[in-house]
>>> print(open('coords.txt').read())   # compact mmCIF, C-alpha atoms (C1' of nucleotides)
# COMPACT_ATOMS: atom_id res chain seq x y z
CA MET M 1 151.48 104.81 195.52
CA SER M 2 149.66 101.57 194.90
CA SER M 3 146.32 103.29 194.32
CA GLY M 4 146.61 102.62 190.60
CA LYS M 5 147.10 98.94 191.27
CA ILE M 6 144.19 98.69 193.65
CA ASP M 7 142.00 100.57 191.25
CA THR M 8 142.74 98.26 188.35
CA ARG M 9 142.37 95.21 190.55
CA SER M 10 138.94 96.12 191.82
CA LYS M 11 137.90 97.30 188.38
CA ILE M 12 138.67 93.80 187.13
CA LEU M 13 136.75 92.28 190.02
CA LYS M 14 133.69 94.44 189.41
CA THR M 15 133.74 93.72 185.69
CA THR M 16 134.04 90.01 186.38
CA CYS M 17 130.99 90.09 188.62
CA THR M 18 128.98 92.09 186.10
CA LEU M 19 129.85 89.78 183.23
CA LEU M 20 129.04 86.67 185.25
CA GLU M 21 125.73 88.10 186.46
CA THR M 22 124.52 88.98 182.99
CA GLY M 23 126.23 86.71 180.44
CA GLY M 24 126.24 82.94 180.37
CA SER M 25 128.82 81.71 182.84
CA SER M 26 130.88 79.75 180.36
CA ALA M 27 131.16 82.63 177.89
CA VAL M 28 133.22 84.68 180.33
CA ARG M 29 136.82 84.06 179.37
CA MET M 30 139.88 85.84 180.68
CA SER M 31 140.02 87.82 177.45
CA ASP M 32 136.37 88.87 177.80
CA ILE M 33 137.05 90.14 181.29
CA ALA M 34 140.16 92.00 180.15
CA LYS M 35 138.36 93.62 177.24
CA ALA M 36 135.38 94.64 179.36
CA SER M 37 137.73 96.03 182.01
CA GLY M 38 139.54 98.12 179.42
CA VAL M 39 142.81 96.43 180.25
CA SER M 40 145.16 93.98 178.57
CA ARG M 41 144.69 90.25 179.11
CA GLN M 42 148.10 90.09 180.73
CA ALA M 43 147.13 92.74 183.26
CA VAL M 44 144.43 90.38 184.49
CA TYR M 45 147.00 87.62 184.96
CA LEU M 46 149.21 90.15 186.74
CA HIS M 47 146.60 90.51 189.47
CA PHE M 48 145.11 87.01 189.36
CA PRO M 49 147.48 84.16 188.42
CA THR M 50 144.66 81.82 187.39
CA ARG M 51 141.00 82.04 186.50
CA ALA M 52 140.16 80.19 189.69
CA ASP M 53 142.02 82.84 191.71
CA LEU M 54 140.02 85.54 189.99
CA LEU M 55 136.71 83.81 190.66
CA VAL M 56 137.59 83.22 194.30
CA ALA M 57 138.55 86.87 194.70
CA ALA M 58 135.31 87.90 192.99
CA ALA M 59 133.31 85.71 195.36
CA ARG M 60 135.04 87.25 198.38
CA TYR M 61 134.44 90.68 196.91
CA ILE M 62 130.72 89.98 196.66
CA ASP M 63 130.67 88.49 200.16
CA GLN M 64 132.02 91.79 201.45
CA GLU M 65 129.85 94.05 199.32
CA ALA M 66 126.68 92.22 200.26
CA ASN M 67 127.78 91.59 203.83
CA ILE M 68 126.99 87.91 203.91
CA ASP M 69 128.26 87.53 207.48
CA LEU M 70 125.82 90.12 208.74
CA ARG M 71 122.96 88.55 206.82
CA LEU M 72 123.52 85.13 208.32
CA GLU M 73 124.19 86.64 211.76
CA ALA M 74 120.59 87.79 211.95
CA SER M 75 119.34 84.24 212.27
CA ARG M 76 121.53 83.71 215.33
CA SER M 77 119.37 85.94 217.48
CA ALA M 78 116.14 84.06 216.79
CA GLU M 79 114.22 83.00 219.87
CA SER M 80 113.37 79.45 218.89
CA GLY M 81 115.06 76.84 216.74
CA ILE M 82 112.13 76.96 214.34
CA TYR M 83 112.48 80.71 213.83
CA ARG M 84 116.22 80.36 213.55
CA LEU M 85 115.83 77.82 210.77
CA GLU M 86 113.38 80.09 209.00
CA ALA M 87 115.62 83.13 209.33
CA PHE M 88 118.66 81.20 208.17
CA ILE M 89 116.90 79.96 205.05
CA THR M 90 115.63 83.45 204.28
CA ALA M 91 119.08 84.99 204.67
CA TRP M 92 120.84 82.44 202.53
CA ALA M 93 118.09 82.22 199.93
CA ASN M 94 118.18 85.96 199.39
CA TYR M 95 121.94 85.89 199.08
CA ILE M 96 121.98 83.23 196.37
CA PRO M 97 120.83 85.56 193.54
CA VAL M 98 123.63 87.93 194.50
CA VAL M 99 126.47 85.41 194.24
CA TYR M 100 124.87 83.17 191.67
CA GLY M 101 126.96 84.22 188.66
CA VAL M 102 130.33 83.90 190.35
CA ALA M 103 129.39 80.84 192.37
CA LYS M 104 128.10 79.03 189.29
CA ALA M 105 131.32 79.75 187.40
CA LEU M 106 133.31 78.37 190.32
CA LEU M 107 131.09 75.31 190.45
CA VAL M 108 131.57 74.67 186.74
CA MET M 109 135.35 74.88 187.13
CA LYS M 110 135.12 72.46 190.02
CA ASP M 111 133.11 70.06 187.86
CA ASN M 112 135.80 70.34 185.21
CA GLY M 113 138.34 68.99 187.65
CA ASP M 114 140.01 72.23 188.72
CA THR M 115 141.42 71.47 192.16
CA GLU M 116 141.79 75.10 193.18
CA ALA M 117 138.17 75.81 192.34
CA LYS M 118 137.13 72.69 194.23
CA ALA M 119 139.05 73.78 197.33
CA ALA M 120 137.52 77.25 197.20
CA TRP M 121 134.03 75.87 196.71
CA ASP M 122 134.37 73.31 199.47
CA ASP M 123 135.59 76.07 201.77
CA ARG M 124 132.51 78.17 201.06
CA MET M 125 130.26 75.17 201.60
CA ARG M 126 131.96 74.43 204.91
CA ALA M 127 131.04 77.90 206.09
CA LEU M 128 127.45 77.47 204.95
CA ARG M 129 127.31 74.11 206.65
CA HIS M 130 128.22 75.71 209.93
CA GLY M 131 125.09 77.81 209.60
CA CYS M 132 122.98 74.75 208.81
CA GLN M 133 124.49 72.86 211.71
CA ALA M 134 123.75 75.75 214.09
CA ALA M 135 120.15 75.92 212.95
CA ILE M 136 119.68 72.17 213.36
CA ASN M 137 121.37 72.30 216.78
CA ALA M 138 118.94 74.99 217.88
CA LEU M 139 116.07 72.87 216.62
CA ALA M 140 117.33 69.80 218.47
CA LYS M 141 117.85 71.77 221.67
CA ASP M 142 114.18 72.76 221.57
CA GLY M 143 113.25 69.13 221.03
CA ASP M 144 111.79 70.09 217.67
CA LEU M 145 114.00 68.03 215.39
CA ASN M 146 112.11 65.40 213.41
CA SER M 147 112.70 62.17 215.33
CA GLU M 148 113.16 60.23 212.09
CA LEU M 149 116.41 62.11 211.47
CA LYS M 150 119.84 62.05 213.04
CA GLU M 151 121.40 65.51 213.34
CA LYS M 152 123.95 64.80 210.62
CA GLU M 153 121.23 63.66 208.25
CA ALA M 154 119.23 66.80 208.96
CA VAL M 155 122.23 68.99 208.20
CA ASP M 156 122.95 67.08 204.97
CA LEU M 157 119.33 67.46 203.93
CA LEU M 158 119.17 71.16 204.70
CA MET M 159 122.39 71.76 202.75
CA THR M 160 121.00 69.87 199.78
CA LEU M 161 117.62 71.54 199.97
CA ILE M 162 119.05 75.05 199.83
CA SER M 163 121.78 74.25 197.31
CA LEU M 164 122.59 76.66 194.53
CA ARG M 165 121.67 74.02 191.96
CA ASN M 166 118.19 73.61 193.37
CA TRP M 167 117.71 77.36 193.43
CA GLU M 168 118.92 77.50 189.84
CA GLU M 169 116.58 74.76 188.73
CA LEU M 170 113.49 76.24 190.34
CA THR M 171 114.01 79.93 189.58
CA LYS M 172 116.12 80.00 186.40
CA ASP M 173 114.83 76.85 184.70
CA ASN M 174 111.28 76.65 186.03
CA GLY M 175 110.47 80.31 186.38
CA TRP M 176 109.73 80.45 190.09
CA SER M 177 109.80 83.88 191.68
CA GLN M 178 112.29 84.45 194.47
CA LYS M 179 109.41 84.86 196.93
CA GLN M 180 107.81 81.61 195.82
CA TYR M 181 111.17 79.89 196.20
CA VAL M 182 111.77 81.19 199.72
CA ILE M 183 108.31 80.35 200.99
CA THR M 184 108.39 76.87 199.53
CA MET M 185 111.85 76.08 200.86
CA GLN M 186 110.80 77.20 204.31
CA ARG M 187 107.72 75.03 204.13
CA ILE M 188 109.67 71.99 202.98
CA ALA M 189 112.29 72.52 205.66
CA ARG M 190 109.55 72.77 208.28
CA GLN M 191 107.69 69.72 207.04
CA THR M 192 110.77 67.52 206.74
CA LEU M 193 113.05 68.69 209.56
CA VAL M 194 110.68 69.74 212.32
CA SER M 195 108.72 67.22 214.38
CA ASP M 196 104.94 67.55 214.24
CA MET Z 1 129.28 42.69 156.53
CA SER Z 2 128.95 45.48 159.03
CA SER Z 3 129.52 43.20 162.02
CA GLY Z 4 133.02 44.60 162.42
CA LYS Z 5 131.61 48.09 162.54
CA ILE Z 6 128.94 47.23 165.05
CA ASP Z 7 131.44 45.39 167.17
CA THR Z 8 133.84 48.33 167.38
CA ARG Z 9 131.05 50.76 167.96
CA SER Z 10 129.60 48.93 170.93
CA LYS Z 11 133.08 48.21 172.23
CA ILE Z 12 133.65 51.96 172.33
CA LEU Z 13 130.29 52.50 174.03
CA LYS Z 14 130.98 49.87 176.68
CA THR Z 15 134.45 51.25 177.34
CA THR Z 16 133.04 54.76 177.63
CA CYS Z 17 130.52 53.63 180.23
CA THR Z 18 133.16 51.75 182.20
CA LEU Z 19 135.57 54.68 182.22
CA LEU Z 20 132.86 57.11 183.27
CA GLU Z 21 131.60 54.84 186.04
CA THR Z 22 135.01 54.37 187.58
CA GLY Z 23 137.20 57.37 186.73
CA GLY Z 24 136.49 61.02 187.43
CA SER Z 25 134.12 62.27 184.77
CA SER Z 26 136.35 65.04 183.51
CA ALA Z 27 139.40 62.77 183.10
CA VAL Z 28 137.71 60.82 180.34
CA ARG Z 29 138.92 62.36 177.11
CA MET Z 30 138.37 61.06 173.61
CA SER Z 31 141.94 59.76 173.60
CA ASP Z 32 141.40 57.90 176.90
CA ILE Z 33 138.36 56.20 175.46
CA ALA Z 34 140.21 55.29 172.27
CA LYS Z 35 143.17 53.87 174.17
CA ALA Z 36 140.98 51.86 176.54
CA SER Z 37 138.96 50.57 173.59
CA GLY Z 38 142.13 49.40 171.82
CA VAL Z 39 141.33 51.57 168.86
CA SER Z 40 142.71 54.74 167.28
CA ARG Z 41 141.36 58.11 168.35
CA GLN Z 42 140.13 58.70 164.82
CA ALA Z 43 138.13 55.49 164.90
CA VAL Z 44 136.14 56.96 167.76
CA TYR Z 45 135.40 60.07 165.70
CA LEU Z 46 134.44 57.81 162.83
CA HIS Z 47 131.58 56.39 164.89
CA PHE Z 48 130.78 59.44 166.98
CA PRO Z 49 131.37 62.84 165.35
CA THR Z 50 131.56 64.69 168.67
CA ARG Z 51 132.06 63.88 172.32
CA ALA Z 52 128.47 64.89 172.98
CA ASP Z 53 127.28 62.36 170.37
CA LEU Z 54 129.29 59.66 172.09
CA LEU Z 55 127.88 60.49 175.51
CA VAL Z 56 124.33 60.58 174.19
CA ALA Z 57 124.82 57.19 172.54
CA ALA Z 58 126.32 55.84 175.75
CA ALA Z 59 123.32 57.09 177.72
CA ARG Z 60 120.92 55.43 175.29
CA TYR Z 61 122.99 52.26 175.47
CA ILE Z 62 122.64 52.21 179.26
CA ASP Z 63 118.92 53.01 179.02
CA GLN Z 64 118.52 49.89 176.91
CA GLU Z 65 120.79 47.63 178.94
CA ALA Z 66 119.12 48.59 182.22
CA ASN Z 67 115.65 48.75 180.68
CA ILE Z 68 114.71 52.12 182.09
CA ASP Z 69 111.32 52.10 180.37
CA LEU Z 70 110.34 48.87 182.07
CA ARG Z 71 111.53 50.15 185.44
CA LEU Z 72 109.44 53.28 185.25
CA GLU Z 73 106.48 51.36 183.81
CA ALA Z 74 106.11 49.47 187.08
CA SER Z 75 104.90 52.58 188.87
CA ARG Z 76 102.10 52.99 186.34
CA SER Z 77 100.21 50.00 187.70
CA ALA Z 78 100.09 51.29 191.28
CA GLU Z 79 96.64 51.34 192.84
CA SER Z 80 96.77 54.76 194.46
CA GLY Z 81 98.54 58.00 193.64
CA ILE Z 82 100.53 57.71 196.84
CA TYR Z 83 101.83 54.26 195.91
CA ARG Z 84 102.47 55.42 192.40
CA LEU Z 85 104.61 58.29 193.66
CA GLU Z 86 106.50 55.92 195.91
CA ALA Z 87 107.08 53.38 193.14
CA PHE Z 88 108.18 56.08 190.73
CA ILE Z 89 110.73 57.47 193.15
CA THR Z 90 112.06 53.99 193.88
CA ALA Z 91 112.42 53.15 190.20
CA TRP Z 92 114.17 56.36 189.28
CA ALA Z 93 116.33 56.47 192.40
CA ASN Z 94 117.64 52.99 191.71
CA TYR Z 95 118.37 53.88 188.13
CA ILE Z 96 120.46 56.93 189.01
CA PRO Z 97 123.54 54.97 190.15
CA VAL Z 98 123.47 53.09 186.84
CA VAL Z 99 123.53 56.15 184.59
CA TYR Z 100 125.36 58.44 186.95
CA GLY Z 101 128.76 58.40 185.21
CA VAL Z 102 127.46 59.12 181.73
CA ALA Z 103 124.75 61.51 182.88
CA LYS Z 104 127.20 63.53 184.95
CA ALA Z 105 129.58 63.85 181.99
CA LEU Z 106 126.69 65.07 179.85
CA LEU Z 107 125.66 67.52 182.54
CA VAL Z 108 129.19 68.91 182.77
CA MET Z 109 129.30 69.41 179.01
CA LYS Z 110 125.96 71.18 179.22
CA ASP Z 111 127.33 73.46 181.93
CA ASN Z 112 130.28 74.21 179.68
CA GLY Z 113 127.93 75.61 177.10
CA ASP Z 114 127.77 72.65 174.71
CA THR Z 115 124.45 73.07 172.94
CA GLU Z 116 124.25 69.47 171.74
CA ALA Z 117 124.79 68.19 175.29
CA LYS Z 118 122.17 70.62 176.55
CA ALA Z 119 119.63 69.42 174.00
CA ALA Z 120 120.29 65.79 174.87
CA TRP Z 121 120.06 66.45 178.59
CA ASP Z 122 116.88 68.48 178.28
CA ASP Z 123 115.37 65.69 176.24
CA ARG Z 124 116.12 63.15 178.95
CA MET Z 125 114.71 65.46 181.58
CA ARG Z 126 111.55 65.93 179.56
CA ALA Z 127 111.02 62.19 179.64
CA LEU Z 128 111.61 62.06 183.37
CA ARG Z 129 109.25 64.97 183.85
CA HIS Z 130 106.49 63.01 182.14
CA GLY Z 131 106.86 60.43 184.87
CA CYS Z 132 106.74 63.07 187.59
CA GLN Z 133 103.71 64.66 185.99
CA ALA Z 134 101.92 61.32 185.83
CA ALA Z 135 102.63 60.61 189.48
CA ILE Z 136 101.40 64.06 190.52
CA ASN Z 137 98.31 63.66 188.33
CA ALA Z 138 97.49 60.38 190.03
CA LEU Z 139 97.94 62.05 193.39
CA ALA Z 140 95.65 64.94 192.41
CA LYS Z 141 93.00 62.57 191.07
CA ASP Z 142 92.87 60.86 194.47
CA GLY Z 143 92.53 64.27 196.11
CA ASP Z 144 95.82 63.66 197.88
CA LEU Z 145 97.87 66.50 196.45
CA ASN Z 146 99.01 69.00 199.07
CA SER Z 147 96.56 71.88 198.78
CA GLU Z 148 99.36 74.41 199.19
CA LEU Z 149 100.73 73.39 195.80
CA LYS Z 150 99.62 73.88 192.24
CA GLU Z 151 100.21 70.83 190.06
CA LYS Z 152 103.01 72.51 188.14
CA GLU Z 153 104.77 73.46 191.36
CA ALA Z 154 104.48 69.91 192.64
CA VAL Z 155 106.04 68.55 189.45
CA ASP Z 156 108.87 71.11 189.60
CA LEU Z 157 109.54 70.19 193.20
CA LEU Z 158 109.52 66.48 192.57
CA MET Z 159 111.92 66.91 189.65
CA THR Z 160 114.25 68.98 191.80
CA LEU Z 161 114.02 66.63 194.76
CA ILE Z 162 115.06 63.57 192.78
CA SER Z 163 117.66 65.37 190.67
CA LEU Z 164 120.96 63.71 189.88
CA ARG Z 165 122.78 66.54 191.65
CA ASN Z 166 120.92 65.95 194.89
CA TRP Z 167 121.57 62.23 194.68
CA GLU Z 168 125.24 62.98 194.04
CA GLU Z 169 125.48 65.33 196.99
CA LEU Z 170 123.83 62.99 199.45
CA THR Z 171 125.40 59.69 198.42
CA LYS Z 172 128.75 60.61 196.87
CA ASP Z 173 129.61 63.67 198.95
CA ASN Z 174 127.85 62.91 202.23
CA GLY Z 175 128.17 59.14 202.32
CA TRP Z 176 124.51 58.21 202.39
CA SER Z 177 123.66 54.63 201.45
CA GLN Z 178 121.38 54.10 198.49
CA LYS Z 179 118.73 52.67 200.83
CA GLN Z 180 118.95 55.66 203.14
CA TYR Z 181 118.63 57.93 200.12
CA VAL Z 182 115.56 56.18 198.75
CA ILE Z 183 113.73 56.04 202.07
CA THR Z 184 114.44 59.68 202.84
CA MET Z 185 113.40 60.91 199.40
CA GLN Z 186 110.16 59.00 199.68
CA ARG Z 187 109.51 60.47 203.09
CA ILE Z 188 110.24 64.02 201.92
CA ALA Z 189 108.05 63.56 198.86
CA ARG Z 190 105.22 62.30 201.05
CA GLN Z 191 105.58 65.07 203.60
CA THR Z 192 105.78 67.87 201.05
CA LEU Z 193 103.57 66.72 198.18
CA VAL Z 194 100.81 64.73 199.85
CA SER Z 195 98.04 66.37 201.87
CA ASP Z 196 97.80 65.29 205.52
C1' DT O 1 141.57 36.50 140.57
C1' DA O 2 141.49 41.36 139.95
C1' DG O 3 139.06 45.25 141.59
C1' DT O 4 136.34 47.68 144.81
C1' DT O 5 134.52 48.74 149.21
C1' DT O 6 134.65 49.04 154.15
C1' DA O 7 136.64 49.76 158.44
C1' DC O 8 140.21 51.23 160.31
C1' DT O 9 145.24 53.53 161.08
C1' DT O 10 148.55 57.13 160.71
C1' DT O 11 150.03 61.58 160.39
C1' DA O 12 149.26 66.28 160.32
C1' DC O 13 146.97 70.37 161.12
C1' DA O 14 143.21 74.01 162.74
C1' DT O 15 141.06 76.02 166.73
C1' DT O 16 140.12 77.61 171.35
C1' DG O 17 141.29 78.85 175.80
C1' DT O 18 144.63 78.92 179.70
C1' DG O 19 148.82 80.18 181.27
C1' DT O 20 154.04 81.71 180.79
C1' DA O 21 157.84 84.69 179.29
C1' DA O 22 160.10 88.68 178.26
C1' DA O 23 160.97 93.08 176.22
C1' DG O 24 158.98 97.68 175.72
C1' DT O 25 156.29 101.99 177.46
C1' DT O 26 154.85 105.50 180.51
C1' DG O 27 154.07 108.26 184.44
C1' DA O 28 155.22 109.22 189.28
C1' DC O 29 158.36 109.98 192.58
C1' DA O 30 163.24 110.53 194.71
C1' DT K 1 167.92 112.53 185.65
C1' DG K 2 167.16 108.16 186.77
C1' DT K 3 164.64 104.47 188.76
C1' DC K 4 160.64 101.84 189.76
C1' DA K 5 155.98 100.05 189.37
C1' DA K 6 152.05 99.16 186.65
C1' DC K 7 150.81 98.14 182.54
C1' DT K 8 151.15 96.82 177.23
C1' DT K 9 152.66 94.13 173.43
C1' DT K 10 154.09 90.21 171.28
C1' DA K 11 155.10 85.53 171.21
C1' DC K 12 154.90 81.04 172.60
C1' DA K 13 153.75 76.38 175.23
C1' DC K 14 150.08 73.21 176.15
C1' DA K 15 145.85 70.49 176.32
C1' DA K 16 141.78 68.99 174.22
C1' DT K 17 138.45 68.82 170.46
C1' DG K 18 137.69 68.28 165.93
C1' DT K 19 139.06 68.04 160.66
C1' DA K 20 141.52 66.30 156.61
C1' DA K 21 143.59 63.11 153.84
C1' DA K 22 146.55 59.42 152.47
C1' DG K 23 147.59 54.62 153.49
C1' DT K 24 146.47 49.54 154.72
C1' DA K 25 144.31 45.20 154.97
C1' DA K 26 140.56 42.12 154.86
C1' DA K 27 136.16 40.96 152.84
C1' DC K 28 133.04 40.99 149.41
C1' DT K 29 131.99 41.26 144.25
C1' DA K 30 132.19 40.68 139.42
>>> encode(input="coords.txt", output="structure tokens")
Amino acid sequence: MSSGKIDTRSKILKTTCTLLETGGSSAVRMSDIAKASGVSRQAVYLHFPTRADLLVAAARYIDQEANIDLRLEASRSAESGIYRLEAFITAWANYIPVVYGVAKALLVMKDNGDTEAKAAWDDRMRALRHGCQAAINALAKDGDLNSELKEKEAVDLLMTLISLRNWEELTKDNGWSQKQYVITMQRIARQTLVSD
Amino acid sequence: MSSGKIDTRSKILKTTCTLLETGGSSAVRMSDIAKASGVSRQAVYLHFPTRADLLVAAARYIDQEANIDLRLEASRSAESGIYRLEAFITAWANYIPVVYGVAKALLVMKDNGDTEAKAAWDDRMRALRHGCQAAINALAKDGDLNSELKEKEAVDLLMTLISLRNWEELTKDNGWSQKQYVITMQRIARQTLVSD
DNA sequence: TAGTTTACTTTACATTGTGTAAAGTTGACA
DNA sequence: TGTCAACTTTACACAATGTAAAGTAAACTA
């Protein structure tokens, strides 16, 4: 039936992820993906009308494969706000390397003025923000939120702190290990968001 | 003599800066710049062989106009490492809004794989890093550097903290005022880089 | 004042990558 | 046997950067 279609579609998605993980994000053109998938360029457009569509689908594909929902869920069961914050940062931080390639490509398209890419990115960030908000809420409920910060400010700061670009800068550009990154981000979050 | 040449050249540079400050960075094409400068597109290429060249020249132009060297110099005369760090952050933070348009455009070109843009950006960041390094050095000399951090880590963190992208996210995307941004960055720097 | 140089304009074209369009092929299934 | 779906092939439209070259007009030069 449509098994052939599904097969080709997910083959394209997998190839896209692989290419974006390894190669430089900008060097992954529709034709590169087609060639690497062993399929014609038009076949790619048959499944994904635009490059943004393909990247969004690839991101969703990774979300599923790596079970992002489950990862972030873990933090929800933490006993205190402080532990919740720590668990949330750990979960997200360890997910970044997994989506990095695709997410970066989406981010670059957004920066180039692609409205579809922007919408998709903003949507992802909204979801992440929910997690940040929940962690900050838990902190505030315990009375452990730094008194110098309003809740909104704390959420903004946490989002910025754990941004993909910061991860990229520290690990990719400055050679930090993932472990070093996680520990340091947790320390900074504690020192800046939690009251003494 | 060459006054006509110089005149056109700086007219193009000024126009470029204006367009990048106001309009969305990606919507500023060579033809837009030419039109807004009241000059043919080829005249732009006559003065600046590539778009990257033009952006680099525009950045240098702004550096001069806003006297970035003098701004950063101020922090050098601070009495203590802690004050020096504070002054450095203030100086840089208040310069970001001035270069933002041009710098962002350069950054986007870098992300698109333009090697010339990358080289220019990296060069700018090297200069900024010198400032960070000096501030951290001063801190370490006073014995005020957070003992959990090696000097290199502290410099990496400071660079990341005050990055253009973080400024963009907090002020442009999240509506923070410049003042709010500066105060918060100083607080975070103090809490994460300085020993208690 | 005739000739040259300089700064620019005009027109045209090459290149790269995205996306569209449409006719042709091939295998499965009815 | 015929139809349909998934895919291929070929061709083109479009935007943006960058190149090439001939033309113009004012300024400077001998």
>>> interface_residues(input="coords.txt", of="chain K", to="chain M", cutoff="9 Å", atoms="only C-alpha atoms (C1' of nucleotides)", output="NGL selection string")
:K and (5-8)
>>> interface_residues(input="coords.txt", of="chain Z", to="chain M", cutoff="10 Å", atoms="all atoms listed in the file", output="JSON, numbers by chain")
{"Z": [24, 25, 26, 27, 104, 105, 107, 108, 109, 110, 111, 112, 113, 114, 148, 149, 152, 153, 156, 157, 159, 160, 161, 163, 165, 166, 167, 168, 169, 170, 173, 174, 175, 176, 180, 184, 185, 187, 188, 189, 190, 191, 192, 193]}
>>> closest_residue(input="coords.txt", among="Z:Ile12, Z:Val44, Z:Val155, Z:Ala134", to="DT9 (chain O)", atoms="all atoms listed in the file")
Z:Val44
>>> atom_distance(input="coords.txt", atom1="CA of Ala138 (chain M)", atom2="CA of Arg84 (chain M)")
7.4 Å
>>> interface_residues(input="coords.txt", of="chain O", to="chain Z", cutoff="9 Å", atoms="only C-alpha atoms (C1' of nucleotides)", output="MDAnalysis selection string")
chainID O and resid 6:9
>>> atom_distance(input="coords.txt", atom1="CA of Glu79 (chain Z)", atom2="CA of Lys179 (chain Z)")
23.5 Å
>>> atom_distance(input="coords.txt", atom1="CA of Phe48 (chain Z)", atom2="CA of Asp69 (chain Z)")
24.7 Å
>>> residues_around(input="coords.txt", residues="DG17 (chain O)", least_positions_apart="5", cutoff="12 Å", atoms="all atoms listed in the file", output="PDB file with C-alpha atoms (C1' of nucleotides), in the frame of the given file")
ATOM      1  CA  SER M  26     130.880  79.750 180.360  1.00  0.00           C
ATOM      2  CA  ALA M  27     131.160  82.630 177.890  1.00  0.00           C
ATOM      3  CA  VAL M  28     133.220  84.680 180.330  1.00  0.00           C
ATOM      4  CA  ARG M  29     136.820  84.060 179.370  1.00  0.00           C
ATOM      5  CA  MET M  30     139.880  85.840 180.680  1.00  0.00           C
ATOM      6  CA  SER M  31     140.020  87.820 177.450  1.00  0.00           C
ATOM      7  CA  ASP M  32     136.370  88.870 177.800  1.00  0.00           C
ATOM      8  CA  ARG M  51     141.000  82.040 186.500  1.00  0.00           C
TER       9      ARG M  51
ATOM     10  C1'  DC K  14     150.080  73.210 176.150  1.00  0.00           C
ATOM     11  C1'  DA K  15     145.850  70.490 176.320  1.00  0.00           C
ATOM     12  C1'  DA K  16     141.780  68.990 174.220  1.00  0.00           C
ATOM     13  C1'  DT K  17     138.450  68.820 170.460  1.00  0.00           C
TER      14       DT K  17
END
>>> closest_residue(input="coords.txt", among="M:Tyr95, M:Tyr181, M:Tyr100, M:Phe88", to="Ser75 (chain M)", atoms="only C-alpha atoms")
M:Phe88
>>> residues_near_point(input="coords.txt", point="(147.4, 65.3, 158.3)", cutoff="8 Å", atoms="only C-alpha atoms (C1' of nucleotides)", output="PyMOL selection string")
(chain O and resi 11-13) or (chain K and resi 20-21)
>>> residues_near_point(input="coords.txt", point="(138.2, 50.6, 146.5)", cutoff="12 Å", atoms="only C-alpha atoms (C1' of nucleotides)", output="number ranges by chain")
O: 2-6; K: 24-25, 27-29
>>> closest_residue(input="coords.txt", among="Z:Thr50, Z:Ala34, Z:Thr22, Z:Met125", to="DG18 (chain K)", atoms="all atoms listed in the file")
Z:Thr50
>>> residues_around(input="coords.txt", residues="Cys17 (chain M)", least_positions_apart="5", cutoff="8 Å", atoms="all atoms listed in the file", output="list in words")
Ala58, Gly101 and Val102 of chain M
>>> axis_aligned_box(input="coords.txt", around="region 7-18 of chain O", padding_each_side="3 Å", output="lines of an AutoDock Vina configuration file")
center_x = 143.3
center_y = 64.3
center_z = 169.1
size_x = 19.4
size_y = 35.2
size_z = 27.3
>>> residues_around(input="coords.txt", residues="Glu73 (chain Z)", least_positions_apart="3", cutoff="10 Å", atoms="all atoms listed in the file", output="CSV table (one decimal) with C-alpha atoms, keeping the file's coordinate frame")
chain,number,residue,atom,x,y,z
Z,68,ILE,CA,114.7,52.1,182.1
Z,69,ASP,CA,111.3,52.1,180.4
Z,70,LEU,CA,110.3,48.9,182.1
Z,76,ARG,CA,102.1,53.0,186.3
Z,77,SER,CA,100.2,50.0,187.7
Z,78,ALA,CA,100.1,51.3,191.3
Z,87,ALA,CA,107.1,53.4,193.1
Z,88,PHE,CA,108.2,56.1,190.7
Z,91,ALA,CA,112.4,53.2,190.2
Z,131,GLY,CA,106.9,60.4,184.9
>>> residues_around(input="coords.txt", residues="DT3 (chain K)", least_positions_apart="2", cutoff="10 Å", atoms="only C-alpha atoms (C1' of nucleotides)", output="number ranges by chain")
O: 29-30; K: 1, 5
>>> decode(input="coords.txt", residues="region 1-12 of chain O", atoms="C-alpha atoms (C1' of nucleotides)", output="mmCIF file, in the first residue's frame")
data_model
loop_
_atom_site.group_PDB
_atom_site.id
_atom_site.type_symbol
_atom_site.label_atom_id
_atom_site.label_comp_id
_atom_site.auth_asym_id
_atom_site.auth_seq_id
_atom_site.Cartn_x
_atom_site.Cartn_y
_atom_site.Cartn_z
ATOM 1 C "C1'" DT O 1 42.234 73.062 -25.738
ATOM 2 C "C1'" DA O 2 42.845 68.305 -26.704
ATOM 3 C "C1'" DG O 3 43.658 64.126 -24.333
ATOM 4 C "C1'" DT O 4 43.591 61.214 -20.432
ATOM 5 C "C1'" DT O 5 42.016 59.591 -16.113
ATOM 6 C "C1'" DT O 6 38.618 58.777 -12.606
ATOM 7 C "C1'" DA O 7 34.285 57.726 -10.869
ATOM 8 C "C1'" DC O 8 30.430 56.270 -12.057
ATOM 9 C "C1'" DT O 9 26.248 54.195 -15.122
ATOM 10 C "C1'" DT O 10 24.144 50.855 -18.028
ATOM 11 C "C1'" DT O 11 23.384 46.551 -19.771
ATOM 12 C "C1'" DA O 12 24.146 41.853 -19.856
#
